file start_12.csv (CSV, N, CA and C atoms)
chain,number,residue,atom,x,y,z
Z,1,MET,N,0.8,-1.2,0.0
Z,1,MET,CA,0.0,0.0,0.0
Z,1,MET,C,0.9,1.2,0.0
Z,2,ASN,N,0.5,2.2,-0.8
Z,2,ASN,CA,1.2,3.5,-0.8
Z,2,ASN,C,0.2,4.6,-0.6
Z,3,LYS,N,0.5,5.4,0.4
Z,3,LYS,CA,-0.4,6.6,0.7
Z,3,LYS,C,0.2,7.7,-0.2
Z,4,ASN,N,-0.7,8.4,-0.9
Z,4,ASN,CA,-0.3,9.4,-1.8
Z,4,ASN,C,-0.4,10.8,-1.0
Z,5,PRO,N,0.5,11.7,-1.3
Z,5,PRO,CA,0.5,13.0,-0.6
Z,5,PRO,C,-0.6,13.8,-1.1
Z,6,ARG,N,-1.0,14.8,-0.3
Z,6,ARG,CA,-2.0,15.8,-0.6
Z,6,ARG,C,-1.5,16.6,-1.8
Z,7,THR,N,-2.3,17.0,-2.7
Z,7,THR,CA,-1.9,17.7,-3.9
Z,7,THR,C,-2.4,19.2,-3.8
Z,8,ALA,N,-1.7,20.1,-4.4
Z,8,ALA,CA,-2.2,21.5,-4.5
Z,8,ALA,C,-3.3,21.6,-5.5
Z,9,THR,N,-4.2,22.5,-5.2
Z,9,THR,CA,-5.3,22.8,-6.2
Z,9,THR,C,-4.7,23.7,-7.3
Z,10,VAL,N,-4.9,23.3,-8.6
Z,10,VAL,CA,-4.4,24.0,-9.7
Z,10,VAL,C,-5.5,24.5,-10.6
Z,11,LYS,N,-5.4,25.6,-11.2
Z,11,LYS,CA,-6.3,26.1,-12.2
Z,11,LYS,C,-6.1,25.3,-13.5
Z,12,THR,N,-7.2,24.9,-14.1
Z,12,THR,CA,-7.1,24.1,-15.3
Z,12,THR,C,-6.7,25.0,-16.5
Z,13,PRO,N,-6.1,24.4,-17.5
Z,13,PRO,CA,-5.6,25.3,-18.6
Z,13,PRO,C,-6.7,25.9,-19.5
Z,14,ALA,N,-6.7,27.2,-19.7
Z,14,ALA,CA,-7.7,27.9,-20.4
Z,14,ALA,C,-8.0,27.4,-21.8
Z,15,GLN,N,-7.0,26.7,-22.4
Z,15,GLN,CA,-7.2,26.2,-23.8
Z,15,GLN,C,-8.1,25.0,-23.8
Z,16,ASN,N,-8.4,24.4,-22.7
Z,16,ASN,CA,-9.3,23.2,-22.7
Z,16,ASN,C,-10.6,23.4,-21.9
Z,17,PHE,N,-10.8,24.6,-21.3
Z,17,PHE,CA,-11.9,24.9,-20.4
Z,17,PHE,C,-12.5,26.3,-20.7
Z,18,THR,N,-13.8,26.4,-20.4
Z,18,THR,CA,-14.4,27.7,-20.4
Z,18,THR,C,-14.8,28.0,-19.0
Z,19,GLY,N,-14.5,29.2,-18.5
Z,19,GLY,CA,-14.9,29.6,-17.1
Z,19,GLY,C,-13.8,29.1,-16.1
Z,20,ASP,N,-14.2,29.3,-14.9
Z,20,ASP,CA,-13.2,29.0,-13.8
Z,20,ASP,C,-13.4,27.5,-13.4
Z,21,VAL,N,-12.3,26.7,-13.6
Z,21,VAL,CA,-12.3,25.3,-13.2
Z,21,VAL,C,-11.0,25.0,-12.5
Z,22,TRP,N,-11.1,24.4,-11.3
Z,22,TRP,CA,-10.0,24.0,-10.5
Z,22,TRP,C,-9.9,22.5,-10.3
Z,23,MET,N,-8.7,22.0,-10.1
Z,23,MET,CA,-8.5,20.6,-10.0
Z,23,MET,C,-7.4,20.3,-9.0
Z,24,ASN,N,-7.7,19.1,-8.3
Z,24,ASN,CA,-6.7,18.5,-7.5
Z,24,ASN,C,-6.3,17.2,-8.1
Z,25,PRO,N,-5.1,17.1,-8.7
Z,25,PRO,CA,-4.7,15.8,-9.3
Z,25,PRO,C,-4.5,14.8,-8.2
Z,26,LEU,N,-5.2,13.6,-8.2
Z,26,LEU,CA,-5.1,12.7,-7.2
Z,26,LEU,C,-4.2,11.5,-7.5
Z,27,PHE,N,-4.2,11.0,-8.7
Z,27,PHE,CA,-3.4,9.9,-9.1
Z,27,PHE,C,-3.1,9.9,-10.5
Z,28,ASP,N,-1.9,9.6,-10.9
Z,28,ASP,CA,-1.5,9.6,-12.4
Z,28,ASP,C,-0.6,8.4,-12.7
Z,29,GLY,N,-1.1,7.2,-12.2
Z,29,GLY,CA,-0.3,6.0,-12.4
Z,29,GLY,C,0.8,5.8,-11.5
Z,30,ASP,N,1.4,4.6,-11.5
Z,30,ASP,CA,2.5,4.3,-10.6
Z,30,ASP,C,3.5,3.4,-11.3
Z,31,GLY,N,3.4,3.3,-12.6
Z,31,GLY,CA,4.3,2.4,-13.3
Z,31,GLY,C,3.7,1.0,-13.6
Z,32,THR,N,2.8,0.6,-12.7
Z,32,THR,CA,2.1,-0.7,-13.0
Z,32,THR,C,0.6,-0.4,-13.4
Z,33,SER,N,0.1,0.8,-13.0
Z,33,SER,CA,-1.3,1.2,-13.3
Z,33,SER,C,-1.2,2.5,-14.0
Z,34,ARG,N,-2.1,2.7,-15.0
Z,34,ARG,CA,-2.2,4.0,-15.7
Z,34,ARG,C,-3.5,4.7,-15.4
Z,35,LEU,N,-4.1,4.3,-14.2
Z,35,LEU,CA,-5.3,4.9,-13.7
Z,35,LEU,C,-5.0,6.4,-13.5
Z,36,VAL,N,-5.9,7.3,-13.9
Z,36,VAL,CA,-5.7,8.7,-13.7
Z,36,VAL,C,-7.0,9.2,-13.0
Z,37,CYS,N,-6.8,10.0,-12.0
Z,37,CYS,CA,-8.0,10.5,-11.2
Z,37,CYS,C,-7.7,11.9,-10.7
Z,38,GLY,N,-8.7,12.8,-10.9
Z,38,GLY,CA,-8.6,14.1,-10.4
Z,38,GLY,C,-10.0,14.5,-9.8
Z,39,HIS,N,-9.9,15.4,-8.8
Z,39,HIS,CA,-11.1,16.0,-8.3
Z,39,HIS,C,-11.2,17.4,-8.9
Z,40,VAL,N,-12.3,17.6,-9.6
Z,40,VAL,CA,-12.5,18.8,-10.4
Z,40,VAL,C,-13.6,19.6,-9.9
Z,41,ARG,N,-13.5,21.0,-9.9
Z,41,ARG,CA,-14.5,21.9,-9.4
Z,41,ARG,C,-14.8,22.9,-10.5
Z,42,PHE,N,-16.1,22.9,-10.9
Z,42,PHE,CA,-16.6,23.8,-11.9
Z,42,PHE,C,-17.4,24.9,-11.3
Z,43,THR,N,-17.2,26.2,-11.6
Z,43,THR,CA,-18.1,27.2,-11.2
Z,43,THR,C,-19.3,27.2,-12.1
Z,44,PRO,N,-20.4,27.9,-11.7
Z,44,PRO,CA,-21.6,27.9,-12.6
Z,44,PRO,C,-21.2,28.4,-14.0
Z,45,GLY,N,-21.7,27.6,-15.0
Z,45,GLY,CA,-21.4,27.9,-16.4
Z,45,GLY,C,-20.1,27.4,-16.9
Z,46,ALA,N,-19.2,27.0,-16.0
Z,46,ALA,CA,-17.8,26.6,-16.5
Z,46,ALA,C,-18.0,25.2,-17.0
Z,47,ARG,N,-17.1,24.8,-18.0
Z,47,ARG,CA,-17.2,23.5,-18.6
Z,47,ARG,C,-15.9,23.2,-19.4
Z,48,THR,N,-15.8,21.9,-19.7
Z,48,THR,CA,-14.7,21.5,-20.5
Z,48,THR,C,-14.9,21.8,-22.0
Z,49,ASN,N,-13.9,21.8,-22.8
Z,49,ASN,CA,-14.1,21.7,-24.2
Z,49,ASN,C,-14.7,20.4,-24.6
Z,50,TRP,N,-15.1,20.2,-25.8
Z,50,TRP,CA,-15.4,18.9,-26.4
Z,50,TRP,C,-14.2,18.1,-26.3
Z,51,HIS,N,-14.3,16.8,-25.9
Z,51,HIS,CA,-13.1,16.0,-25.8
Z,51,HIS,C,-13.6,14.5,-25.8
Z,52,SER,N,-12.6,13.6,-26.0
Z,52,SER,CA,-12.9,12.2,-25.9
Z,52,SER,C,-11.7,11.5,-25.2
Z,53,HIS,N,-12.0,10.2,-24.8
Z,53,HIS,CA,-10.9,9.5,-24.1
Z,53,HIS,C,-10.8,8.1,-24.8
Z,54,SER,N,-9.5,7.7,-25.0
Z,54,SER,CA,-9.2,6.5,-25.7
Z,54,SER,C,-9.8,5.3,-25.0
Z,55,ASN,N,-9.9,5.3,-23.7
Z,55,ASN,CA,-10.5,4.1,-23.0
Z,55,ASN,C,-11.7,4.5,-22.1
Z,56,GLY,N,-12.4,5.6,-22.5
Z,56,GLY,CA,-13.6,6.0,-21.7
Z,56,GLY,C,-13.2,6.8,-20.5
Z,57,GLN,N,-14.3,7.3,-19.8
Z,57,GLN,CA,-14.1,8.1,-18.6
Z,57,GLN,C,-15.3,7.9,-17.7
Z,58,LEU,N,-15.0,7.8,-16.4
Z,58,LEU,CA,-16.1,7.8,-15.4
Z,58,LEU,C,-16.1,9.1,-14.6
Z,59,LEU,N,-17.2,9.7,-14.5
Z,59,LEU,CA,-17.4,11.0,-13.8
Z,59,LEU,C,-18.3,10.6,-12.6
Z,60,VAL,N,-17.8,11.0,-11.4
Z,60,VAL,CA,-18.6,10.7,-10.2
Z,60,VAL,C,-18.8,12.0,-9.5
Z,61,CYS,N,-20.0,12.5,-9.5
Z,61,CYS,CA,-20.4,13.8,-8.9
Z,61,CYS,C,-20.3,13.7,-7.4
Z,62,THR,N,-19.6,14.7,-6.7
Z,62,THR,CA,-19.4,14.7,-5.3
Z,62,THR,C,-20.2,15.8,-4.6
Z,63,ASP,N,-20.6,16.9,-5.4
Z,63,ASP,CA,-21.3,18.0,-4.9
Z,63,ASP,C,-21.8,18.8,-6.0
Z,64,GLY,N,-23.0,19.5,-5.8
Z,64,GLY,CA,-23.6,20.3,-6.7
Z,64,GLY,C,-24.4,19.6,-7.8
Z,65,VAL,N,-24.6,20.3,-8.9
Z,65,VAL,CA,-25.3,19.8,-10.1
Z,65,VAL,C,-24.5,20.0,-11.3
Z,66,GLY,N,-24.2,18.9,-12.1
Z,66,GLY,CA,-23.4,19.1,-13.3
Z,66,GLY,C,-24.2,18.8,-14.5
Z,67,LEU,N,-23.6,19.1,-15.6
Z,67,LEU,CA,-24.2,18.9,-16.9
Z,67,LEU,C,-23.2,18.1,-17.8
Z,68,VAL,N,-23.6,17.0,-18.4
Z,68,VAL,CA,-22.8,16.2,-19.3
Z,68,VAL,C,-23.5,16.1,-20.6
Z,69,GLY,N,-22.9,16.5,-21.7
Z,69,GLY,CA,-23.5,16.4,-23.0
Z,69,GLY,C,-22.6,15.8,-24.0
Z,70,THR,N,-23.3,15.2,-25.1
Z,70,THR,CA,-22.6,14.5,-26.1
Z,70,THR,C,-22.9,15.2,-27.5
Z,71,ARG,N,-22.1,14.9,-28.5
Z,71,ARG,CA,-22.2,15.5,-29.8
Z,71,ARG,C,-23.6,15.2,-30.4
Z,72,ASP,N,-24.2,14.1,-30.1
Z,72,ASP,CA,-25.4,13.8,-30.7
Z,72,ASP,C,-26.6,14.4,-30.0
Z,73,GLY,N,-26.4,15.3,-29.1
Z,73,GLY,CA,-27.4,16.1,-28.4
Z,73,GLY,C,-28.0,15.5,-27.2
Z,74,ARG,N,-27.5,14.3,-26.8
Z,74,ARG,CA,-27.9,13.7,-25.5
Z,74,ARG,C,-27.2,14.5,-24.4
Z,75,ALA,N,-28.0,14.7,-23.3
Z,75,ALA,CA,-27.5,15.5,-22.1
Z,75,ALA,C,-28.2,15.0,-20.9
Z,76,VAL,N,-27.4,15.0,-19.8
Z,76,VAL,CA,-28.0,14.6,-18.5
Z,76,VAL,C,-27.5,15.6,-17.4
Z,77,LEU,N,-28.3,15.7,-16.4
Z,77,LEU,CA,-27.9,16.4,-15.2
Z,77,LEU,C,-27.3,15.4,-14.2
Z,78,LEU,N,-26.3,15.8,-13.6
Z,78,LEU,CA,-25.5,14.9,-12.7
Z,78,LEU,C,-25.5,15.4,-11.3
Z,79,HIS,N,-26.1,14.7,-10.3
Z,79,HIS,CA,-26.2,15.2,-8.9
Z,79,HIS,C,-25.2,14.4,-8.1
Z,80,ALA,N,-25.0,15.0,-6.9
Z,80,ALA,CA,-24.1,14.3,-5.9
Z,80,ALA,C,-24.5,12.9,-5.7
Z,81,GLY,N,-23.5,12.0,-5.8
Z,81,GLY,CA,-23.7,10.6,-5.6
Z,81,GLY,C,-24.0,9.8,-6.9
Z,82,GLU,N,-24.2,10.5,-8.0
Z,82,GLU,CA,-24.5,9.9,-9.3
Z,82,GLU,C,-23.2,9.9,-10.1
Z,83,SER,N,-23.2,9.0,-11.1
Z,83,SER,CA,-22.0,8.9,-12.0
Z,83,SER,C,-22.5,8.7,-13.4
Z,84,VAL,N,-21.6,9.1,-14.3
Z,84,VAL,CA,-21.8,8.9,-15.8
Z,84,VAL,C,-20.6,8.3,-16.4
Z,85,TRP,N,-20.8,7.3,-17.2
Z,85,TRP,CA,-19.7,6.6,-18.0
Z,85,TRP,C,-19.8,7.1,-19.4
Z,86,THR,N,-18.7,7.7,-19.9
Z,86,THR,CA,-18.6,8.0,-21.3
Z,86,THR,C,-17.7,7.0,-22.0
Z,87,PRO,N,-18.2,6.3,-23.0
Z,87,PRO,CA,-17.4,5.2,-23.6
Z,87,PRO,C,-16.2,5.7,-24.4
Z,88,ALA,N,-15.3,4.8,-24.7
Z,88,ALA,CA,-14.1,5.2,-25.5
Z,88,ALA,C,-14.5,5.9,-26.8
Z,89,GLY,N,-13.9,7.0,-27.0
Z,89,GLY,CA,-14.1,7.7,-28.3
Z,89,GLY,C,-15.3,8.6,-28.3
Z,90,GLU,N,-16.1,8.6,-27.3
Z,90,GLU,CA,-17.3,9.4,-27.4
Z,90,GLU,C,-17.0,10.9,-27.1
Z,91,GLU,N,-17.3,11.8,-28.0
Z,91,GLU,CA,-17.0,13.2,-27.8
Z,91,GLU,C,-18.1,13.8,-26.9
Z,92,HIS,N,-17.6,14.4,-25.8
Z,92,HIS,CA,-18.6,14.9,-24.8
Z,92,HIS,C,-17.9,16.2,-24.1
Z,93,PHE,N,-18.7,16.8,-23.2
Z,93,PHE,CA,-18.3,17.8,-22.4
Z,93,PHE,C,-18.9,17.7,-21.0
Z,94,HIS,N,-18.4,18.3,-20.0
Z,94,HIS,CA,-19.0,18.3,-18.7
Z,94,HIS,C,-18.6,19.5,-17.9
Z,95,GLY,N,-19.5,19.9,-17.0
Z,95,GLY,CA,-19.3,21.1,-16.2
Z,95,GLY,C,-20.4,21.4,-15.3
Z,96,GLY,N,-20.4,22.6,-14.7
Z,96,GLY,CA,-21.5,23.0,-13.8
Z,96,GLY,C,-22.7,23.4,-14.7
Z,97,THR,N,-23.9,23.6,-14.1
Z,97,THR,CA,-25.0,24.1,-14.8
Z,97,THR,C,-24.9,25.6,-14.8
Z,98,ALA,N,-25.8,26.3,-15.4
Z,98,ALA,CA,-25.7,27.8,-15.5
Z,98,ALA,C,-25.8,28.4,-14.1
Z,99,ASP,N,-26.4,27.8,-13.2
Z,99,ASP,CA,-26.6,28.4,-11.8
Z,99,ASP,C,-26.1,27.6,-10.7
Z,100,GLN,N,-25.4,26.5,-10.9
Z,100,GLN,CA,-24.9,25.6,-9.9
Z,100,GLN,C,-23.4,25.2,-10.1
Z,101,MET,N,-22.6,25.2,-9.1
Z,101,MET,CA,-21.3,24.6,-9.1
Z,101,MET,C,-21.4,23.1,-9.2
Z,102,MET,N,-20.4,22.5,-9.6
Z,102,MET,CA,-20.4,21.0,-9.6
Z,102,MET,C,-18.9,20.5,-9.4
Z,103,CYS,N,-18.8,19.5,-8.5
Z,103,CYS,CA,-17.5,18.9,-8.3
Z,103,CYS,C,-17.6,17.4,-8.6
Z,104,HIS,N,-16.6,16.9,-9.3
Z,104,HIS,CA,-16.6,15.5,-9.6
Z,104,HIS,C,-15.2,14.9,-9.6
Z,105,TYR,N,-15.2,13.6,-9.4
Z,105,TYR,CA,-14.0,12.8,-9.7
Z,105,TYR,C,-14.0,12.5,-11.2
Z,106,ALA,N,-12.9,12.7,-11.9
Z,106,ALA,CA,-12.8,12.3,-13.3
Z,106,ALA,C,-11.7,11.2,-13.2
Z,107,ILE,N,-12.2,10.0,-13.7
Z,107,ILE,CA,-11.4,8.8,-13.6
Z,107,ILE,C,-11.3,8.2,-15.0
Z,108,LEU,N,-10.0,7.9,-15.4
Z,108,LEU,CA,-9.8,7.2,-16.7
Z,108,LEU,C,-8.6,6.4,-16.7
Z,109,ASP,N,-8.6,5.5,-17.7
Z,109,ASP,CA,-7.5,4.6,-17.9
Z,109,ASP,C,-6.6,5.2,-18.9
Z,110,GLY,N,-5.3,5.6,-18.5
Z,110,GLY,CA,-4.4,6.3,-19.4
Z,110,GLY,C,-3.6,5.3,-20.3
Z,111,SER,N,-3.8,4.0,-20.2
Z,111,SER,CA,-3.0,3.1,-21.0
Z,111,SER,C,-3.4,3.0,-22.4
Z,112,GLY,N,-2.5,2.4,-23.2
Z,112,GLY,CA,-2.9,2.2,-24.6
Z,112,GLY,C,-1.9,3.0,-25.5
Z,113,GLU,N,-2.2,2.9,-26.8
Z,113,GLU,CA,-1.3,3.5,-27.8
Z,113,GLU,C,-1.6,5.0,-28.0
Z,114,ALA,N,-2.9,5.4,-27.9
Z,114,ALA,CA,-3.2,6.8,-28.1
Z,114,ALA,C,-3.2,7.6,-26.8
Z,115,ASP,N,-3.1,8.9,-26.9
Z,115,ASP,CA,-3.2,9.8,-25.7
Z,115,ASP,C,-4.6,9.5,-25.1
Z,116,ALA,N,-4.6,9.5,-23.7
Z,116,ALA,CA,-5.8,9.2,-23.0
Z,116,ALA,C,-6.9,10.2,-23.3
Z,117,THR,N,-6.6,11.5,-23.5
Z,117,THR,CA,-7.6,12.5,-23.8
Z,117,THR,C,-7.3,13.2,-25.1
Z,118,THR,N,-8.3,13.3,-25.9
Z,118,THR,CA,-8.1,14.1,-27.1
Z,118,THR,C,-9.0,15.4,-27.0
Z,119,TRP,N,-8.3,16.5,-26.8
Z,119,TRP,CA,-9.0,17.8,-26.6
Z,119,TRP,C,-9.4,18.4,-28.0
Z,120,LEU,N,-10.6,18.9,-28.0
Z,120,LEU,CA,-11.2,19.5,-29.2
Z,120,LEU,C,-11.6,21.0,-28.9
Z,121,GLU,N,-12.5,21.5,-29.8
Z,121,GLU,CA,-12.8,22.9,-29.7
Z,121,GLU,C,-13.8,23.2,-28.5
Z,122,PRO,N,-13.8,24.5,-28.1
Z,122,PRO,CA,-14.7,24.9,-27.0
Z,122,PRO,C,-16.2,24.6,-27.3
Z,123,VAL,N,-17.0,24.3,-26.3
Z,123,VAL,CA,-18.4,24.2,-26.4
Z,123,VAL,C,-19.0,25.6,-26.4
Z,124,THR,N,-19.7,25.9,-27.5
Z,124,THR,CA,-20.3,27.3,-27.6
Z,124,THR,C,-21.4,27.5,-26.6
Z,125,ASP,N,-21.7,28.8,-26.3
Z,125,ASP,CA,-22.7,29.1,-25.4
Z,125,ASP,C,-24.1,28.5,-25.9
Z,126,GLU,N,-24.3,28.5,-27.2
Z,126,GLU,CA,-25.5,27.9,-27.8
Z,126,GLU,C,-25.6,26.4,-27.5
Z,127,GLN,N,-24.5,25.7,-27.7
Z,127,GLN,CA,-24.4,24.3,-27.5
Z,127,GLN,C,-24.7,24.0,-26.0
Z,128,TYR,N,-24.1,24.8,-25.2
Z,128,TYR,CA,-24.2,24.6,-23.7
Z,128,TYR,C,-25.7,24.8,-23.3
Z,129,ALA,N,-26.3,25.9,-23.8
Z,129,ALA,CA,-27.7,26.2,-23.4
Z,129,ALA,C,-28.6,25.1,-23.9
Z,130,ALA,N,-28.4,24.6,-25.2
Z,130,ALA,CA,-29.2,23.5,-25.7
Z,130,ALA,C,-29.1,22.2,-24.9
Z,131,ALA,N,-27.8,21.9,-24.4
Z,131,ALA,CA,-27.6,20.7,-23.6
Z,131,ALA,C,-28.3,20.8,-22.3
Z,132,GLU,N,-28.3,22.0,-21.7
Z,132,GLU,CA,-28.9,22.2,-20.4
Z,132,GLU,C,-30.4,22.1,-20.5
Z,133,ALA,N,-31.0,22.6,-21.6
Z,133,ALA,CA,-32.4,22.5,-21.9
Z,133,ALA,C,-32.8,21.1,-22.1
Z,134,ALA,N,-32.0,20.3,-22.9
Z,134,ALA,CA,-32.3,18.9,-23.1
Z,134,ALA,C,-32.2,18.1,-21.8
Z,135,ALA,N,-31.2,18.4,-21.0
Z,135,ALA,CA,-31.0,17.6,-19.8
Z,135,ALA,C,-32.2,17.9,-18.8
Z,136,SER,N,-32.7,19.1,-18.8
Z,136,SER,CA,-33.8,19.5,-17.9
Z,136,SER,C,-35.1,18.7,-18.2
Z,137,THR,N,-35.2,18.2,-19.4
Z,137,THR,CA,-36.5,17.5,-19.8
Z,137,THR,C,-36.3,16.0,-19.6
Z,138,ASN,N,-35.1,15.5,-19.2
Z,138,ASN,CA,-34.9,14.1,-19.0
Z,138,ASN,C,-35.2,13.7,-17.5

call {"tool": "encode", "arguments": {"input": "start_12.csv", "output": "structure tokens"}}
result
Amino acid sequence: MNKNPRTATVKTPAQNFTGDVWMNPLFDGDGTSRLVCGHVRFTPGARTNWHSHSNGQLLVCTDGVGLVGTRDGRAVLLHAGESVWTPAGEEHFHGGTADQMMCHYAILDGSGEADATTWLEPVTDEQYAAAEAAASTN
């Protein structure tokens, strides 16, 4: 067993996020495992760019209300204690709702030939609003 040290909170890179997003990196593999985990905090309206993961991603909401949307227009609200799995290669985004912060654990498998995350363009305000409207009806 290895106890990992506490990590500093860092601001996420502006080229991959809209709004204020903060993260505590928790684990980034140990030579035998390529598990990657971070605790991410989104302010209201803040979100990731469109992106995908070579081996999928598990999002586990720890606080607040989040929004997760996919390119095909599917969207869900994510509440504390709920989780969402995005399969390998699925382009998606996630973040807070327009009026709620959201915190989640982002967990993924960083192994394989490709980069674990492929970052794409920002989610427009129109795409974000459409996803929130669609999620509110589900």

call {"tool": "residues_around", "arguments": {"input": "start_12.csv", "residues": "region 13-25 of chain Z", "least_positions_apart": "5", "cutoff": "7 Å", "atoms": "all atoms listed in the file", "output": "list of chain:residue names"}}
result
Z:Thr7, Z:Ala8, Z:Cys37, Z:Gly38, Z:His39, Z:Val40, Z:Arg41, Z:Phe42, Z:Thr43, Z:Gly45, Z:Ala46, Z:Arg47, Z:Thr48, Z:Asn49, Z:Trp50, Z:Trp119, Z:Leu120, Z:Pro122

call {"tool": "write_last_selection", "arguments": {"input": "start_12.csv", "atoms": "N, CA and C atoms", "output": "CSV table (one decimal), in the coordinates of the input"}}
result
chain,number,residue,atom,x,y,z
Z,7,THR,N,-2.3,17.0,-2.7
Z,7,THR,CA,-1.9,17.7,-3.9
Z,7,THR,C,-2.4,19.2,-3.8
Z,8,ALA,N,-1.7,20.1,-4.4
Z,8,ALA,CA,-2.2,21.5,-4.5
Z,8,ALA,C,-3.3,21.6,-5.5
Z,37,CYS,N,-6.8,10.0,-12.0
Z,37,CYS,CA,-8.0,10.5,-11.2
Z,37,CYS,C,-7.7,11.9,-10.7
Z,38,GLY,N,-8.7,12.8,-10.9
Z,38,GLY,CA,-8.6,14.1,-10.4
Z,38,GLY,C,-10.0,14.5,-9.8
Z,39,HIS,N,-9.9,15.4,-8.8
Z,39,HIS,CA,-11.1,16.0,-8.3
Z,39,HIS,C,-11.2,17.4,-8.9
Z,40,VAL,N,-12.3,17.6,-9.6
Z,40,VAL,CA,-12.5,18.8,-10.4
Z,40,VAL,C,-13.6,19.6,-9.9
Z,41,ARG,N,-13.5,21.0,-9.9
Z,41,ARG,CA,-14.5,21.9,-9.4
Z,41,ARG,C,-14.8,22.9,-10.5
Z,42,PHE,N,-16.1,22.9,-10.9
Z,42,PHE,CA,-16.6,23.8,-11.9
Z,42,PHE,C,-17.4,24.9,-11.3
Z,43,THR,N,-17.2,26.2,-11.6
Z,43,THR,CA,-18.1,27.2,-11.2
Z,43,THR,C,-19.3,27.2,-12.1
Z,45,GLY,N,-21.7,27.6,-15.0
Z,45,GLY,CA,-21.4,27.9,-16.4
Z,45,GLY,C,-20.1,27.4,-16.9
Z,46,ALA,N,-19.2,27.0,-16.0
Z,46,ALA,CA,-17.8,26.6,-16.5
Z,46,ALA,C,-18.0,25.2,-17.0
Z,47,ARG,N,-17.1,24.8,-18.0
Z,47,ARG,CA,-17.2,23.5,-18.6
Z,47,ARG,C,-15.9,23.2,-19.4
Z,48,THR,N,-15.8,21.9,-19.7
Z,48,THR,CA,-14.7,21.5,-20.5
Z,48,THR,C,-14.9,21.8,-22.0
Z,49,ASN,N,-13.9,21.8,-22.8
Z,49,ASN,CA,-14.1,21.7,-24.2
Z,49,ASN,C,-14.7,20.4,-24.6
Z,50,TRP,N,-15.1,20.2,-25.8
Z,50,TRP,CA,-15.4,18.9,-26.4
Z,50,TRP,C,-14.2,18.1,-26.3
Z,119,TRP,N,-8.3,16.5,-26.8
Z,119,TRP,CA,-9.0,17.8,-26.6
Z,119,TRP,C,-9.4,18.4,-28.0
Z,120,LEU,N,-10.6,18.9,-28.0
Z,120,LEU,CA,-11.2,19.5,-29.2
Z,120,LEU,C,-11.6,21.0,-28.9
Z,122,PRO,N,-13.8,24.5,-28.1
Z,122,PRO,CA,-14.7,24.9,-27.0
Z,122,PRO,C,-16.2,24.6,-27.3

call {"tool": "residues_near_point", "arguments": {"input": "start_12.csv", "point": "(-14.7, 11.9, -30.3)", "cutoff": "8 Å", "atoms": "only C-alpha atoms", "output": "JSON, numbers by chain"}}
result
{"Z": [51, 52, 53, 89, 90, 91, 92, 118]}

call {"tool": "atom_distance", "arguments": {"input": "start_12.csv", "atom1": "CA of Pro87 (chain Z)", "atom2": "atom N of Asp115 (chain Z)"}}
result
15.1 Å

call {"tool": "atom_distance", "arguments": {"input": "start_12.csv", "atom1": "atom C of Asn4 (chain Z)", "atom2": "CA of Gly110 (chain Z)"}}
result
19.4 Å

call {"tool": "closest_residue", "arguments": {"input": "start_12.csv", "among": "Z:Ala75, Z:Glu82, Z:Phe27, Z:Ser33", "to": "Ala129 (chain Z)", "atoms": "only C-alpha atoms"}}
result
Z:Ala75

call {"tool": "select_by_dssp", "arguments": {"input": "start_12.csv", "residues": "chain Z", "states": "strand (DSSP E or B)", "output": "ChimeraX atom specification"}}
result
/Z:10-11,17-18,21-28,35-42,47-48,51-53,57-70,75-79,83-86,92-96,102-109,117-119

call {"tool": "atom_distance", "arguments": {"input": "start_12.csv", "atom1": "atom C of Ala130 (chain Z)", "atom2": "atom C of Arg74 (chain Z)"}}
result
7.9 Å

call {"tool": "closest_residue", "arguments": {"input": "start_12.csv", "among": "Z:Phe93, Z:Trp85, Z:Tyr128, Z:Tyr105", "to": "Gly56 (chain Z)", "atoms": "all atoms listed in the file"}}
result
Z:Trp85

call {"tool": "closest_residue", "arguments": {"input": "start_12.csv", "among": "Z:Val68, Z:Ala116, Z:Val10, Z:Ala80", "to": "Ala131 (chain Z)", "atoms": "only N, CA and C atoms"}}
result
Z:Val68

call {"tool": "select_by_dssp", "arguments": {"input": "start_12.csv", "residues": "chain Z", "states": "helix (DSSP H, G or I)", "output": "compact mmCIF listing (two decimals) with N, CA and C atoms, keeping the file's coordinate frame"}}
result
# COMPACT_ATOMS: atom_id res chain seq x y z
N ALA Z 14 -6.70 27.20 -19.70
CA ALA Z 14 -7.70 27.90 -20.40
C ALA Z 14 -8.00 27.40 -21.80
N GLN Z 15 -7.00 26.70 -22.40
CA GLN Z 15 -7.20 26.20 -23.80
C GLN Z 15 -8.10 25.00 -23.80
N ASN Z 16 -8.40 24.40 -22.70
CA ASN Z 16 -9.30 23.20 -22.70
C ASN Z 16 -10.60 23.40 -21.90
N ASP Z 125 -21.70 28.80 -26.30
CA ASP Z 125 -22.70 29.10 -25.40
C ASP Z 125 -24.10 28.50 -25.90
N GLU Z 126 -24.30 28.50 -27.20
CA GLU Z 126 -25.50 27.90 -27.80
C GLU Z 126 -25.60 26.40 -27.50
N GLN Z 127 -24.50 25.70 -27.70
CA GLN Z 127 -24.40 24.30 -27.50
C GLN Z 127 -24.70 24.00 -26.00
N TYR Z 128 -24.10 24.80 -25.20
CA TYR Z 128 -24.20 24.60 -23.70
C TYR Z 128 -25.70 24.80 -23.30
N ALA Z 129 -26.30 25.90 -23.80
CA ALA Z 129 -27.70 26.20 -23.40
C ALA Z 129 -28.60 25.10 -23.90
N ALA Z 130 -28.40 24.60 -25.20
CA ALA Z 130 -29.20 23.50 -25.70
C ALA Z 130 -29.10 22.20 -24.90
N ALA Z 131 -27.80 21.90 -24.40
CA ALA Z 131 -27.60 20.70 -23.60
C ALA Z 131 -28.30 20.80 -22.30
N GLU Z 132 -28.30 22.00 -21.70
CA GLU Z 132 -28.90 22.20 -20.40
C GLU Z 132 -30.40 22.10 -20.50
N ALA Z 133 -31.00 22.60 -21.60
CA ALA Z 133 -32.40 22.50 -21.90
C ALA Z 133 -32.80 21.10 -22.10
N ALA Z 134 -32.00 20.30 -22.90
CA ALA Z 134 -32.30 18.90 -23.10
C ALA Z 134 -32.20 18.10 -21.80
N ALA Z 135 -31.20 18.40 -21.00
CA ALA Z 135 -31.00 17.60 -19.80
C ALA Z 135 -32.20 17.90 -18.80
N SER Z 136 -32.70 19.10 -18.80
CA SER Z 136 -33.80 19.50 -17.90
C SER Z 136 -35.10 18.70 -18.20
